[in-house]
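Structure data (CSV, N, CA and C atoms and all ligand atoms) from coords11.csv:
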```
chain,number,residue,atom,x,y,z
B,27,MET,N,0.9,-1.2,0.0
B,27,MET,CA,0.0,0.0,0.0
B,27,MET,C,0.9,1.2,0.0
B,28,SER,N,0.7,2.1,-1.0
B,28,SER,CA,1.6,3.3,-1.0
B,28,SER,C,1.0,4.3,0.0
B,29,ASP,N,1.8,5.3,0.3
B,29,ASP,CA,1.4,6.2,1.3
B,29,ASP,C,0.1,6.9,1.0
B,30,THR,N,-0.1,7.3,-0.2
B,30,THR,CA,-1.3,8.0,-0.6
B,30,THR,C,-2.6,7.2,-0.6
B,31,GLU,N,-2.4,5.8,-0.5
B,31,GLU,CA,-3.6,4.9,-0.4
B,31,GLU,C,-4.1,4.8,1.1
B,32,ILE,N,-3.3,5.2,2.0
B,32,ILE,CA,-3.7,5.2,3.4
B,32,ILE,C,-4.7,6.3,3.6
B,33,PRO,N,-5.9,5.9,4.2
B,33,PRO,CA,-6.9,6.9,4.3
B,33,PRO,C,-6.6,8.1,5.2
B,34,LEU,N,-7.2,9.2,4.9
B,34,LEU,CA,-7.0,10.4,5.8
B,34,LEU,C,-7.8,10.2,7.1
B,35,VAL,N,-7.4,10.8,8.2
B,35,VAL,CA,-8.1,10.7,9.4
B,35,VAL,C,-9.6,11.1,9.3
B,36,PHE,N,-9.8,12.1,8.5
B,36,PHE,CA,-11.2,12.5,8.1
B,36,PHE,C,-11.2,12.8,6.6
B,37,ASP,N,-12.4,12.6,6.0
B,37,ASP,CA,-12.5,12.9,4.6
B,37,ASP,C,-12.5,14.4,4.3
B,38,ASN,N,-12.1,14.8,3.1
B,38,ASN,CA,-12.3,16.1,2.6
B,38,ASN,C,-11.8,17.2,3.5
B,39,ILE,N,-10.6,17.0,4.1
B,39,ILE,CA,-10.0,18.1,4.9
B,39,ILE,C,-8.8,18.7,4.3
B,40,ILE,N,-8.3,18.1,3.2
B,40,ILE,CA,-7.2,18.7,2.4
B,40,ILE,C,-7.6,18.6,0.9
B,41,THR,N,-7.0,19.5,0.2
B,41,THR,CA,-7.2,19.5,-1.3
B,41,THR,C,-6.4,18.5,-1.9
B,42,SER,N,-6.9,18.0,-3.1
B,42,SER,CA,-6.0,17.1,-3.9
B,42,SER,C,-5.3,18.0,-4.9
B,43,GLY,N,-4.0,17.7,-5.1
B,43,GLY,CA,-3.2,18.5,-6.0
B,43,GLY,C,-1.8,18.3,-5.6
B,44,PRO,N,-0.9,18.9,-6.4
B,44,PRO,CA,0.5,18.7,-6.1
B,44,PRO,C,0.9,19.3,-4.8
B,45,GLU,N,0.3,20.4,-4.4
B,45,GLU,CA,0.6,21.0,-3.1
B,45,GLU,C,-0.6,20.8,-2.2
B,46,VAL,N,-0.4,20.3,-1.0
B,46,VAL,CA,-1.5,20.0,-0.1
B,46,VAL,C,-1.9,21.3,0.6
B,47,HIS,N,-3.2,21.6,0.5
B,47,HIS,CA,-3.8,22.7,1.2
B,47,HIS,C,-4.9,22.2,2.1
B,48,LEU,N,-5.2,23.0,3.2
B,48,LEU,CA,-6.4,22.7,4.0
B,48,LEU,C,-7.6,23.0,3.2
B,49,GLN,N,-8.6,22.2,3.3
B,49,GLN,CA,-9.9,22.4,2.6
B,49,GLN,C,-11.0,22.6,3.7
B,50,GLY,N,-11.6,23.8,3.6
B,50,GLY,CA,-12.7,24.1,4.5
B,50,GLY,C,-13.9,24.6,3.7
B,51,ALA,N,-14.6,25.6,4.3
B,51,ALA,CA,-15.8,26.1,3.7
B,51,ALA,C,-15.8,27.7,3.8
B,52,TYR,N,-16.6,28.2,2.9
B,52,TYR,CA,-16.8,29.7,2.9
B,52,TYR,C,-18.3,30.0,2.8
B,53,CYS,N,-18.7,31.0,3.6
B,53,CYS,CA,-20.1,31.4,3.6
B,53,CYS,C,-20.2,32.8,2.9
B,54,ALA,N,-20.8,32.9,1.8
B,54,ALA,CA,-20.9,34.1,1.0
B,54,ALA,C,-21.8,35.1,1.7
B,55,SER,N,-22.7,34.7,2.5
B,55,SER,CA,-23.7,35.6,3.2
B,55,SER,C,-23.0,36.4,4.2
B,56,CYS,N,-22.2,35.8,5.1
B,56,CYS,CA,-21.5,36.5,6.1
B,56,CYS,C,-20.0,36.6,5.9
B,57,GLU,N,-19.6,36.2,4.7
B,57,GLU,CA,-18.2,36.3,4.3
B,57,GLU,C,-17.2,35.8,5.4
B,58,THR,N,-17.5,34.5,5.9
B,58,THR,CA,-16.6,33.9,6.9
B,58,THR,C,-16.2,32.5,6.4
B,59,TYR,N,-15.1,32.1,6.8
B,59,TYR,CA,-14.5,30.8,6.5
B,59,TYR,C,-14.7,29.9,7.8
B,60,CYS,N,-14.7,28.6,7.5
B,60,CYS,CA,-14.7,27.7,8.7
B,60,CYS,C,-14.0,26.4,8.2
B,61,PHE,N,-13.5,25.7,9.2
B,61,PHE,CA,-12.8,24.4,9.0
B,61,PHE,C,-13.1,23.5,10.2
B,62,PRO,N,-13.5,22.2,9.9
B,62,PRO,CA,-13.7,21.7,8.6
B,62,PRO,C,-15.0,22.1,8.0
B,63,MET,N,-15.3,21.5,6.8
B,63,MET,CA,-16.7,21.7,6.2
B,63,MET,C,-17.7,21.3,7.2
B,64,GLN,N,-18.8,22.1,7.2
B,64,GLN,CA,-20.0,21.7,8.0
B,64,GLN,C,-21.2,21.8,7.2
B,65,GLU,N,-22.3,21.3,7.8
B,65,GLU,CA,-23.6,21.3,7.0
B,65,GLU,C,-24.1,22.7,6.7
B,66,LYS,N,-24.0,23.6,7.7
B,66,LYS,CA,-24.5,25.0,7.6
B,66,LYS,C,-23.4,25.9,8.2
B,67,CYS,N,-23.5,27.2,7.8
B,67,CYS,CA,-22.6,28.2,8.3
B,67,CYS,C,-22.8,28.3,9.8
B,68,PRO,N,-21.8,28.2,10.6
B,68,PRO,CA,-22.0,28.3,12.1
B,68,PRO,C,-22.4,29.7,12.5
B,69,GLY,N,-22.2,30.7,11.6
B,69,GLY,CA,-22.5,32.1,12.0
B,69,GLY,C,-24.0,32.4,11.6
B,70,CYS,N,-24.5,32.0,10.4
B,70,CYS,CA,-25.8,32.5,10.0
B,70,CYS,C,-26.7,31.3,9.5
B,71,LEU,N,-26.2,30.1,9.6
B,71,LEU,CA,-26.9,28.9,9.1
B,71,LEU,C,-27.1,28.9,7.6
B,72,GLY,N,-26.3,29.8,6.9
B,72,GLY,CA,-26.4,29.8,5.4
B,72,GLY,C,-25.7,28.7,4.8
B,73,GLU,N,-25.8,28.6,3.4
B,73,GLU,CA,-25.2,27.6,2.7
B,73,GLU,C,-23.7,27.8,2.6
B,74,LEU,N,-22.9,26.7,2.7
B,74,LEU,CA,-21.4,26.8,2.6
B,74,LEU,C,-21.0,26.3,1.3
B,75,GLN,N,-19.9,26.8,0.8
B,75,GLN,CA,-19.2,26.3,-0.4
B,75,GLN,C,-17.8,25.9,0.0
B,76,VAL,N,-17.3,24.8,-0.7
B,76,VAL,CA,-15.9,24.3,-0.4
B,76,VAL,C,-14.9,25.5,-0.7
B,77,ALA,N,-14.0,25.6,0.2
B,77,ALA,CA,-13.0,26.6,0.0
B,77,ALA,C,-11.6,26.1,0.3
B,78,ASP,N,-10.6,26.6,-0.5
B,78,ASP,CA,-9.2,26.3,-0.3
B,78,ASP,C,-8.7,27.3,0.7
B,79,LEU,N,-8.2,26.8,1.8
B,79,LEU,CA,-7.7,27.6,2.9
B,79,LEU,C,-6.2,27.9,2.9
B,80,GLY,N,-5.6,27.4,1.9
B,80,GLY,CA,-4.1,27.6,1.8
B,80,GLY,C,-3.3,26.6,2.6
B,81,ASN,N,-2.0,26.8,2.7
B,81,ASN,CA,-1.2,25.8,3.4
B,81,ASN,C,-0.2,26.5,4.3
B,82,GLN,N,-0.4,27.8,4.6
B,82,GLN,CA,0.5,28.4,5.5
B,82,GLN,C,-0.2,29.2,6.6
B,83,GLY,N,0.5,29.5,7.7
B,83,GLY,CA,0.0,30.3,8.7
B,83,GLY,C,1.1,30.7,9.7
B,84,ARG,N,0.6,31.4,10.8
B,84,ARG,CA,1.5,31.8,11.9
B,84,ARG,C,0.9,31.3,13.2
B,85,ILE,N,1.7,30.9,14.1
B,85,ILE,CA,1.3,30.4,15.4
B,85,ILE,C,0.8,31.5,16.2
B,86,TYR,N,-0.5,31.4,16.6
B,86,TYR,CA,-1.1,32.4,17.6
B,86,TYR,C,-0.9,32.0,19.0
B,87,SER,N,-1.0,30.7,19.3
B,87,SER,CA,-0.7,30.1,20.6
B,87,SER,C,-0.3,28.7,20.4
B,88,VAL,N,0.5,28.2,21.3
B,88,VAL,CA,1.0,26.8,21.2
B,88,VAL,C,1.3,26.2,22.5
B,89,THR,N,1.0,24.9,22.7
B,89,THR,CA,1.4,24.2,23.9
B,89,THR,C,1.9,22.8,23.6
B,90,THR,N,2.7,22.2,24.5
B,90,THR,CA,3.2,20.9,24.3
B,90,THR,C,2.6,20.0,25.4
B,91,ILE,N,2.1,18.8,24.9
B,91,ILE,CA,1.5,17.9,25.8
B,91,ILE,C,2.4,16.7,26.1
B,92,ARG,N,2.7,16.5,27.3
B,92,ARG,CA,3.7,15.5,27.7
B,92,ARG,C,3.1,14.2,28.4
B,93,THR,N,1.8,14.2,28.5
B,93,THR,CA,1.2,13.0,29.0
B,93,THR,C,1.0,12.0,27.8
B,94,ARG,N,0.6,10.8,28.1
B,94,ARG,CA,0.5,9.7,27.1
B,94,ARG,C,-0.4,10.2,26.0
B,95,ALA,N,0.0,10.1,24.7
B,95,ALA,CA,-0.7,10.7,23.6
B,95,ALA,C,-1.9,9.7,23.2
B,96,PRO,N,-3.0,10.3,22.7
B,96,PRO,CA,-4.1,9.5,22.2
B,96,PRO,C,-3.8,9.1,20.8
B,97,LEU,N,-4.6,8.2,20.2
B,97,LEU,CA,-4.7,7.9,18.8
B,97,LEU,C,-3.3,7.5,18.2
B,98,GLY,N,-2.5,6.8,19.0
B,98,GLY,CA,-1.2,6.4,18.5
B,98,GLY,C,-0.2,7.4,18.1
B,99,LEU,N,-0.4,8.7,18.6
B,99,LEU,CA,0.5,9.7,18.3
B,99,LEU,C,1.7,9.6,19.2
B,100,PRO,N,2.9,10.1,18.7
B,100,PRO,CA,4.1,10.1,19.5
B,100,PRO,C,3.9,11.1,20.7
B,101,SER,N,4.7,10.8,21.7
B,101,SER,CA,4.7,11.7,22.9
B,101,SER,C,6.1,12.2,23.1
B,102,PRO,N,6.3,13.5,23.5
B,102,PRO,CA,5.3,14.5,23.5
B,102,PRO,C,4.9,15.0,22.2
B,103,TYR,N,3.8,15.8,22.1
B,103,TYR,CA,3.4,16.4,20.9
B,103,TYR,C,2.8,17.8,21.2
B,104,SER,N,2.9,18.7,20.2
B,104,SER,CA,2.5,20.1,20.4
B,104,SER,C,1.2,20.3,19.6
B,105,VAL,N,0.3,21.1,20.1
B,105,VAL,CA,-0.9,21.6,19.4
B,105,VAL,C,-0.8,23.1,19.4
B,106,ALA,N,-1.5,23.7,18.4
B,106,ALA,CA,-1.4,25.2,18.3
B,106,ALA,C,-2.7,25.7,17.7
B,107,LEU,N,-2.9,27.0,17.9
B,107,LEU,CA,-3.9,27.8,17.2
B,107,LEU,C,-3.1,28.5,16.1
B,108,VAL,N,-3.5,28.3,14.9
B,108,VAL,CA,-2.7,28.8,13.8
B,108,VAL,C,-3.6,29.8,13.0
B,109,ASP,N,-3.1,31.0,12.8
B,109,ASP,CA,-3.8,32.0,12.0
B,109,ASP,C,-3.4,31.8,10.5
B,110,LEU,N,-4.3,31.4,9.7
B,110,LEU,CA,-4.0,31.1,8.3
B,110,LEU,C,-3.6,32.3,7.6
B,111,THR,N,-2.7,32.1,6.6
B,111,THR,CA,-2.2,33.3,5.8
B,111,THR,C,-3.2,33.7,4.7
B,112,ASP,N,-3.8,32.8,4.1
B,112,ASP,CA,-4.6,33.1,2.9
B,112,ASP,C,-6.0,33.5,3.2
B,113,VAL,N,-6.6,33.1,4.3
B,113,VAL,CA,-7.9,33.5,4.7
B,113,VAL,C,-8.0,33.9,6.1
B,114,PRO,N,-8.9,34.7,6.5
B,114,PRO,CA,-9.0,35.2,7.9
B,114,PRO,C,-9.6,34.1,8.8
B,115,LEU,N,-8.9,33.1,9.2
B,115,LEU,CA,-9.4,32.0,10.0
B,115,LEU,C,-8.3,31.5,10.9
B,116,ARG,N,-8.6,31.2,12.2
B,116,ARG,CA,-7.7,30.6,13.1
B,116,ARG,C,-8.2,29.2,13.3
B,117,VAL,N,-7.2,28.2,13.1
B,117,VAL,CA,-7.6,26.8,13.3
B,117,VAL,C,-6.8,26.2,14.4
B,118,PHE,N,-7.4,25.1,15.0
B,118,PHE,CA,-6.7,24.3,16.0
B,118,PHE,C,-6.0,23.2,15.2
B,119,SER,N,-4.7,23.0,15.5
B,119,SER,CA,-4.0,22.0,14.7
B,119,SER,C,-2.9,21.3,15.5
B,120,LEU,N,-2.8,20.0,15.2
B,120,LEU,CA,-1.7,19.2,15.6
B,120,LEU,C,-0.4,19.8,14.9
B,121,MET,N,0.7,19.8,15.6
B,121,MET,CA,2.0,20.2,15.1
B,121,MET,C,2.9,19.0,14.8
B,122,ASN,N,3.9,19.2,14.0
B,122,ASN,CA,4.8,18.1,13.7
B,122,ASN,C,5.4,17.5,14.9
B,123,PRO,N,5.1,16.2,15.2
B,123,PRO,CA,5.6,15.7,16.5
B,123,PRO,C,7.1,15.7,16.6
B,124,ALA,N,7.8,15.6,15.4
B,124,ALA,CA,9.3,15.6,15.5
B,124,ALA,C,9.8,16.9,16.0
B,125,GLU,N,9.0,18.0,16.0
B,125,GLU,CA,9.4,19.3,16.4
B,125,GLU,C,8.7,19.7,17.7
B,126,ALA,N,8.1,18.8,18.4
B,126,ALA,CA,7.4,19.1,19.6
B,126,ALA,C,8.2,19.9,20.6
B,127,GLY,N,7.6,20.9,21.1
B,127,GLY,CA,8.3,21.7,22.1
B,127,GLY,C,9.2,22.8,21.5
B,128,SER,N,9.4,22.9,20.2
B,128,SER,CA,10.3,23.8,19.6
B,128,SER,C,9.6,25.1,19.0
B,129,TYR,N,8.3,25.1,19.1
B,129,TYR,CA,7.5,26.2,18.4
B,129,TYR,C,7.5,27.4,19.2
B,130,GLN,N,7.4,28.6,18.5
B,130,GLN,CA,7.3,29.9,19.2
B,130,GLN,C,6.1,30.6,18.6
B,131,ILE,N,5.4,31.4,19.4
B,131,ILE,CA,4.3,32.2,19.0
B,131,ILE,C,4.8,33.2,17.9
B,132,GLY,N,4.0,33.3,16.8
B,132,GLY,CA,4.4,34.1,15.7
B,132,GLY,C,5.2,33.4,14.6
B,133,GLN,N,5.6,32.2,14.9
B,133,GLN,CA,6.4,31.4,13.9
B,133,GLN,C,5.5,31.1,12.7
B,134,HIS,N,6.2,31.2,11.5
B,134,HIS,CA,5.6,30.9,10.3
B,134,HIS,C,5.6,29.4,10.1
B,135,VAL,N,4.5,28.8,9.8
B,135,VAL,CA,4.4,27.3,9.7
B,135,VAL,C,3.7,27.0,8.4
B,136,GLU,N,3.9,25.7,7.9
B,136,GLU,CA,3.1,25.3,6.7
B,136,GLU,C,2.6,23.9,7.0
B,137,LEU,N,1.6,23.5,6.1
B,137,LEU,CA,0.9,22.3,6.2
B,137,LEU,C,1.7,21.1,5.7
B,138,HIS,N,1.7,20.0,6.4
B,138,HIS,CA,2.3,18.8,6.0
B,138,HIS,C,1.2,17.7,6.1
B,139,VAL,N,1.4,16.6,5.4
B,139,VAL,CA,0.5,15.4,5.6
B,139,VAL,C,1.3,14.2,5.6
B,140,ALA,N,1.1,13.4,6.6
B,140,ALA,CA,2.0,12.2,6.7
B,140,ALA,C,1.2,11.1,7.4
B,141,THR,N,1.6,9.9,7.3
B,141,THR,CA,1.0,8.7,8.0
B,141,THR,C,1.4,8.9,9.4
B,142,LEU,N,0.4,9.0,10.3
B,142,LEU,CA,0.7,9.3,11.7
B,142,LEU,C,-0.5,8.9,12.6
B,143,GLY,N,-0.3,7.9,13.4
B,143,GLY,CA,-1.3,7.5,14.4
B,143,GLY,C,-2.4,6.7,13.8
B,144,PHE,N,-3.5,6.7,14.6
B,144,PHE,CA,-4.7,5.9,14.2
B,144,PHE,C,-5.9,6.8,14.1
B,145,ASP,N,-6.9,6.4,13.4
B,145,ASP,CA,-8.2,7.1,13.3
B,145,ASP,C,-9.1,6.5,14.4
B,146,ASN,N,-10.3,7.0,14.4
B,146,ASN,CA,-11.3,6.6,15.5
B,146,ASN,C,-11.6,5.1,15.5
B,147,ASN,N,-11.3,4.4,14.3
B,147,ASN,CA,-11.5,3.0,14.2
B,147,ASN,C,-10.2,2.2,14.4
B,148,LYS,N,-9.2,2.9,15.0
B,148,LYS,CA,-7.9,2.3,15.3
B,148,LYS,C,-7.1,1.8,14.0
B,149,GLU,N,-7.5,2.4,12.9
B,149,GLU,CA,-6.8,2.1,11.6
B,149,GLU,C,-5.7,3.1,11.4
B,150,THR,N,-4.5,2.7,10.9
B,150,THR,CA,-3.5,3.6,10.5
B,150,THR,C,-4.0,4.6,9.5
B,151,CYS,N,-3.7,5.9,9.7
B,151,CYS,CA,-4.2,6.9,8.9
B,151,CYS,C,-3.2,8.0,8.6
B,152,ARG,N,-3.5,8.8,7.5
B,152,ARG,CA,-2.7,10.0,7.3
B,152,ARG,C,-3.4,11.2,7.9
B,153,ARG,N,-2.7,12.1,8.4
B,153,ARG,CA,-3.3,13.3,9.0
B,153,ARG,C,-2.5,14.5,8.6
B,154,PRO,N,-3.2,15.7,8.5
B,154,PRO,CA,-2.5,16.9,8.2
B,154,PRO,C,-2.0,17.5,9.6
B,155,TYR,N,-0.9,18.2,9.5
B,155,TYR,CA,-0.4,19.0,10.7
B,155,TYR,C,0.4,20.1,10.2
B,156,PHE,N,0.6,21.1,11.0
B,156,PHE,CA,1.4,22.2,10.7
B,156,PHE,C,2.8,21.9,11.2
B,157,GLY,N,3.8,22.5,10.6
B,157,GLY,CA,5.2,22.3,11.0
B,157,GLY,C,6.1,23.4,10.5
B,158,ALA,N,7.3,23.4,10.9
B,158,ALA,CA,8.3,24.4,10.4
B,158,ALA,C,8.3,24.4,8.9
B,159,LEU,N,8.6,25.5,8.3
B,159,LEU,CA,8.8,25.6,6.8
B,159,LEU,C,9.8,24.6,6.3
B,160,LYS,N,9.5,23.9,5.2
B,160,LYS,CA,10.5,23.0,4.6
B,160,LYS,C,11.7,23.7,4.2
B,161,GLN,N,11.5,24.9,3.6
B,161,GLN,CA,12.6,25.7,3.2
B,161,GLN,C,12.4,27.1,3.9
B,162,LEU,N,13.4,27.6,4.4
B,162,LEU,CA,13.3,28.9,5.1
B,162,LEU,C,12.9,30.0,4.0
B,163,GLN,N,12.0,30.8,4.4
B,163,GLN,CA,11.5,31.9,3.5
B,163,GLN,C,11.6,33.2,4.2
B,164,ARG,N,12.1,34.2,3.6
B,164,ARG,CA,12.2,35.6,4.1
B,164,ARG,C,13.0,35.6,5.4
R,1,ZN,ZN,-22.7,32.7,7.2
```
Is it possible to give me this structure as structure tokens?
Amino acid sequence: MSDTEIPLVFDNIITSGPEVHLQGAYCASCETYCFPMQEKCPGCLGELQVADLGNQGRIYSVTTIRTRAPLGLPSPYSVALVDLTDVPLRVFSLMNPAEAGSYQIGQHVELHVATLGFDNNKETCRRPYFGALKQLQR
């Protein structure tokens, strides 16, 4: 089984394409974005359309969890609130476990997808997480 055949932890959370982006939703009525896709806009209950949320952001807040990790994740691991670069939205995200504890508020991060841990059915899965830029920019 090649890496891309391993199912995502949840369907429809990343775009398909050469570059992986977060996939969420946009409400044209109240001009807000949300992640992940939901049935109705959480703000006005209007119709949502699929939206590309980009693949970069900056860390708004971050913490590292050192207790035993759930879902087969390595321990310790960091989680963060990330302000996305392309759309006005703050998302809660797992951070690259290999970099746990190294993150700083304001740090520029980008989306990665890798086989990591288990899903709710205890099956190996791929999941998106933010991490340090693969190549330093600016
Ligand atoms: Zn709305």
In the coordinate frame of the file, compute which residues have an atom within 8 Å of (-11.9, 22.7, 7.0) when using only N, CA and C atoms, and state them as a PyMOL selection string.
chain B and resi 38-40+48-51+59-64+77+79
Which residues, written as a list in words, have at least one atom at most 6.5 Å from Arg153 (chain B), with only N, CA and C atoms counted and residues fewer than 6 positions away on the same chain left out?
Pro33, Leu34, Val35, His138, Val139, Ala140, Thr141 and Leu142 of chain B
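One finds CA of Ser87 (chain B) at 17.3 Å from CA of Leu159 (chain B).
For ligand ZN 1 (chain R), the neighbouring polymer residues at 6 Å or closer are Cys53, Ala54, Ser55, Cys56, Glu57, Thr58, Cys67, Pro68, Gly69, Cys70, Leu71 and Gly72 of chain B, all atoms listed in the file being used.
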Return the single residue from B:Leu97, B:Val76, B:Val105, B:Val88 that is closest to Asn146 (chain B), with distances computed using all atoms listed in the file.
B:Leu97
Name the residues of region 42-143 of chain B that fall into strand (DSSP E) according to DSSP on the backbone, using the chain letters and numbers of this document, as number ranges by chain.
B: 49-53, 58-60, 75-78, 82-91, 103-110, 116-120, 134-143
Residues at most 6 Å from region 124-130 of chain B, counting only C-alpha atoms, excluding those fewer than 5 positions away in the same chain, as an mmCIF file with N, CA and C atoms, keeping the file's coordinate frame?
```
data_model
loop_
_atom_site.group_PDB
_atom_site.id
_atom_site.type_symbol
_atom_site.label_atom_id
_atom_site.label_comp_id
_atom_site.auth_asym_id
_atom_site.auth_seq_id
_atom_site.Cartn_x
_atom_site.Cartn_y
_atom_site.Cartn_z
ATOM 1 N N THR B 90 2.700 22.200 24.500
ATOM 2 C CA THR B 90 3.200 20.900 24.300
ATOM 3 C C THR B 90 2.600 20.000 25.400
ATOM 4 N N TYR B 103 3.800 15.800 22.100
ATOM 5 C CA TYR B 103 3.400 16.400 20.900
ATOM 6 C C TYR B 103 2.800 17.800 21.200
ATOM 7 N N SER B 104 2.900 18.700 20.200
ATOM 8 C CA SER B 104 2.500 20.100 20.400
ATOM 9 C C SER B 104 1.200 20.300 19.600
#
```
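Shortest atom-to-atom contact with Thr41 (chain B) among B:Asp145, B:Glu65, B:Ala95, B:Asp78: B:Asp78, counting only N, CA and C atoms.
Applying the 5 Å criterion to (2.1, 31.4, 11.7) in file coordinates and using only N, CA and C atoms, one obtains the residues Gly83, Arg84, Ile85, Gly132, Gln133, His134 and Val135 of chain B.
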To one decimal place, how far is CA of Lys148 (chain B) from CA of Pro96 (chain B) in Å?
10.7 Å
Give me every helix (DSSP H, G or I) residue in chain B, going by DSSP on the backbone, as a ChimeraX atom specification.
/B:29-31,123-125
